[in-house]
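K.L.:
Quick one: the structure is below, and I'll ask about it shortly.
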Amino acid sequence: MSFFTIKRLKQVAEEFFGRENKQVNVFDNQPDWSQLPYEILLHVFRYLSNSDKYHAALTCKSWLRPLSVPSVWQSGDFVFDNKSDEKAIIFVNMTGKTLRHINVQCIASDNHYMCSFLAFKGDEGPASCTAKMYQFLATLLNSQNHRILTFKLTNLFSLKINGLSAKSMSFSEVAQLLTKVLEDQQQLRVLDLSNSQKSVKHRWVDSFTVNEGLKLLNAASKNCANTLQELAIARFVCLKDIYPNDLSFLPQFRSAIAGFSKLSDLHLSYGYLEDDLLLSLSRTTTSLKVITVRADKIPELESRITPLAWENLTAACPELRVLFFIKPITESYFQDVTMILTPSMPLYQVKWKSGSVTAVENIEKFFQHLGQNFQKTLHHLKFRTRVPIDTERFEVLFKSIQPCTNLDSFSLGLTSCVIDDVEMYKLAIRDVVKRCPLSCDLTLNVQVK
């Protein structure tokens with residue numbers, strides 16, 4: 001329960017009990033909370049978690065009554081970790097028809113090694129998380145709930161780690177059932193299917209194929225093309241089977257994404273981004289405000305975006321902001337990140353975590369690129385590196401971003417540096433901040449070797 005809710009509850013309770021019991025202090029004298037008005041309890045219970053609602057319903061009859069109202073159970077937050085899965089299925093079986101906001105997060109459980117051992121021995125063991133996810137979706141589908149507003153199902157690749165028992169189900173079966181759930185929706189506003197696919201280093205945990213991902217997007221657009229406002233599909237499908245120069249899947253992705261005409265927030269991987277997608281969005285929507293890009297692989301696709309595409313999209317969506325998160329999976333990726341930061345892009349925030357083999361020259365080029373091309377748009381900069389930078393280069397590096405006078409926050413993380421260089425780092429950063437607004441939030445994290 002939020003602090004605001006507790007404070008408001010105290011105020012209302014004091015007014016109620018003071019009127020009935022001559023200004024009794026409700027917290028000092030422990031009044032009978034079962035006497036709180038039905039309307040107040042109904043309002044407060046909406047803020048509780050699923051577990052808190054369940055325990056509150058067992059407290060007394062007066063609390064059970066408002067908790068019997070279907071609207072109280074419109075939000076459900078679930079965790080699939082081979083521990084809480086059964087609770088999620090039971091909850092959806094009870095309240096599936098009333099749910100409007102569903103948030104499911106998959107987390108790798110601690111016992112997946114035991115599941116692997118049982119499967120190796122030929123024992124069935126416990127039902128896998130994939131099987132339980134299938135049951136969860138089947139229960140939701142059987143509830144015939146067509147009015148879900150928010151549907152978040154993230155980190156599905158974790159289920160594959162847990163899906164080692166004989167009772168495991170394939171991701172294709174999960175994908176087919178999820179497709180049916182999305183096809184039934186008519187008012188969907190938020191859809192988050194991000195992190196369904198693990199990194200290319202772990203190919204055996206890949207989730208949806210490109211075709212399965214396209215079917216899911218098309219299912220969501222069947223009835224919700226004019227209602228969906230937020231779409232998150234970063235690391236959504238597996239691209240490992242696609243040759244680096246084979247972009248045949250992109251037109252289908254472009255059509256599926258651009259089909260949502262009311263999008264205001266789009267979160268995707270850089271591998272899905274291309275000129276034609278930006279041009280399609282500029283023709284189909286004027287409501288786009290945020291594009292968040294996760295760049296962690298597929299370096300062969302770096303030069304596909306041109307300034308003209310960003311200019312057209314910005315003209316159609318003047319409030320657009322672009323957020324870039326650059327974290328290479330392997331050290332060889334993105335030695336020169338300026339290739340993916342296209343000029344004319346309304347870059348509002350950029351975070352780059354560089355590897356230890358990144359050339360210092362490329363780090364300098366990165367800061368120069370920001371200072372030359374994103375002077376007015378850049379508001380937030382976060383940079384982390386394990387590359388040692390000498391003080392002379394450090395000063396040059398930070399002077400290059402002084403033209404970015406609209407910075408609201410600037411965070412720098414350095415490792416493997418010499419203790420004598422720390423003060424020089426601080427002086428160079430202060431020189432940059434002098435040219436930024438007084439409200440610029442400056443953070444420096446240094447790990448001395």
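In the structure tokens, chains take letters A, B, ... by order of appearance, with residues numbered from 1 within each chain and ligands from 1 in the order shown.
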Using DSSP on the backbone coordinates, identify all residues within range 369-422 of chain A classified as strand (DSSP E); present the result as a PyMOL selection string.
P.N.:
chain A and resi 380-385+409-417
K.L.:
Could you dump the residues just selected with N, CA and C atoms as a PDB file, in the first residue's frame?
P.N.:
ATOM      1  N   HIS A 380      19.857  13.056 -21.252  1.00  0.00           N
ATOM      2  CA  HIS A 380      20.357  12.093 -20.281  1.00  0.00           C
ATOM      3  C   HIS A 380      21.461  11.252 -20.921  1.00  0.00           C
ATOM      4  N   LEU A 381      22.600  11.196 -20.236  1.00  0.00           N
ATOM      5  CA  LEU A 381      23.750  10.455 -20.730  1.00  0.00           C
ATOM      6  C   LEU A 381      24.310   9.584 -19.613  1.00  0.00           C
ATOM      7  N   LYS A 382      24.450   8.292 -19.903  1.00  0.00           N
ATOM      8  CA  LYS A 382      25.036   7.357 -18.948  1.00  0.00           C
ATOM      9  C   LYS A 382      26.066   6.517 -19.677  1.00  0.00           C
ATOM     10  N   PHE A 383      27.293   6.539 -19.169  1.00  0.00           N
ATOM     11  CA  PHE A 383      28.397   5.848 -19.833  1.00  0.00           C
ATOM     12  C   PHE A 383      29.154   5.006 -18.821  1.00  0.00           C
ATOM     13  N   ARG A 384      29.373   3.730 -19.158  1.00  0.00           N
ATOM     14  CA  ARG A 384      30.132   2.813 -18.322  1.00  0.00           C
ATOM     15  C   ARG A 384      31.212   2.166 -19.172  1.00  0.00           C
ATOM     16  N   THR A 385      32.439   2.095 -18.623  1.00  0.00           N
ATOM     17  CA  THR A 385      33.529   1.481 -19.375  1.00  0.00           C
ATOM     18  C   THR A 385      34.551   0.864 -18.439  1.00  0.00           C
ATOM     19  N   SER A 409      20.827  14.927 -16.734  1.00  0.00           N
ATOM     20  CA  SER A 409      21.567  13.984 -15.903  1.00  0.00           C
ATOM     21  C   SER A 409      22.756  13.452 -16.685  1.00  0.00           C
ATOM     22  N   PHE A 410      23.843  13.269 -15.967  1.00  0.00           N
ATOM     23  CA  PHE A 410      25.074  12.789 -16.574  1.00  0.00           C
ATOM     24  C   PHE A 410      25.720  11.805 -15.605  1.00  0.00           C
ATOM     25  N   SER A 411      25.794  10.543 -15.983  1.00  0.00           N
ATOM     26  CA  SER A 411      26.326   9.497 -15.120  1.00  0.00           C
ATOM     27  C   SER A 411      27.506   8.831 -15.796  1.00  0.00           C
ATOM     28  N   LEU A 412      28.594   8.715 -15.047  1.00  0.00           N
ATOM     29  CA  LEU A 412      29.828   8.163 -15.585  1.00  0.00           C
ATOM     30  C   LEU A 412      30.353   7.080 -14.652  1.00  0.00           C
ATOM     31  N   GLY A 413      30.664   5.921 -15.201  1.00  0.00           N
ATOM     32  CA  GLY A 413      31.242   4.830 -14.424  1.00  0.00           C
ATOM     33  C   GLY A 413      32.563   4.404 -15.023  1.00  0.00           C
ATOM     34  N   LEU A 414      33.622   4.454 -14.220  1.00  0.00           N
ATOM     35  CA  LEU A 414      34.955   4.109 -14.689  1.00  0.00           C
ATOM     36  C   LEU A 414      35.551   3.020 -13.807  1.00  0.00           C
ATOM     37  N   THR A 415      36.245   2.078 -14.423  1.00  0.00           N
ATOM     38  CA  THR A 415      36.989   1.065 -13.683  1.00  0.00           C
ATOM     39  C   THR A 415      38.411   1.026 -14.214  1.00  0.00           C
ATOM     40  N   SER A 416      39.277   0.385 -13.464  1.00  0.00           N
ATOM     41  CA  SER A 416      40.678   0.218 -13.863  1.00  0.00           C
ATOM     42  C   SER A 416      41.398   1.547 -14.014  1.00  0.00           C
ATOM     43  N   CYS A 417      41.053   2.515 -13.202  1.00  0.00           N
ATOM     44  CA  CYS A 417      41.745   3.793 -13.278  1.00  0.00           C
ATOM     45  C   CYS A 417      42.717   3.932 -12.097  1.00  0.00           C
TER      46      CYS A 417
END
K.L.:
Could you give me, as a list in words, the residues within 6 Å of range 272-276 of chain A, counting only C-alpha atoms and dropping anything in the same chain fewer than 2 positions from it?
P.N.:
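Contacts, with the query itself left out: Ser269, Tyr270, Leu278, Leu279, Ser280, Arg304, Ile305 and Ala309 of chain A.
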K.L.:
As a PyMOL selection string, please: every residue in range 190-425 of chain A that a backbone DSSP assignment puts in alpha helix (DSSP H).
P.N.:
chain A and resi 210-224+250-258+275-284+307-316+360-373+391-399+422-425
K.L.:
Hey, what's within 7 Å of range 281-288 of chain A if we count only C-alpha atoms and toss same-chain stuff fewer than 3 positions away? As a PyMOL selection string, please?
P.N.:
chain A and resi 258+261-265+277-278+312-313+316-317+320
K.L.:
If you count only C-alpha atoms, which residues fall within 10 Å of Leu182 in chain A, apart from same-chain ones fewer than 4 positions away, as number ranges by chain?
P.N.:
A: 141, 146, 148, 151, 177-178, 186, 188, 191, 215-224
K.L.:
So what do you get for CA of Leu397 in chain A versus CA of Glu361 in chain A, distance-wise?
P.N.:
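Distance between the two atoms: 9.7 Å.
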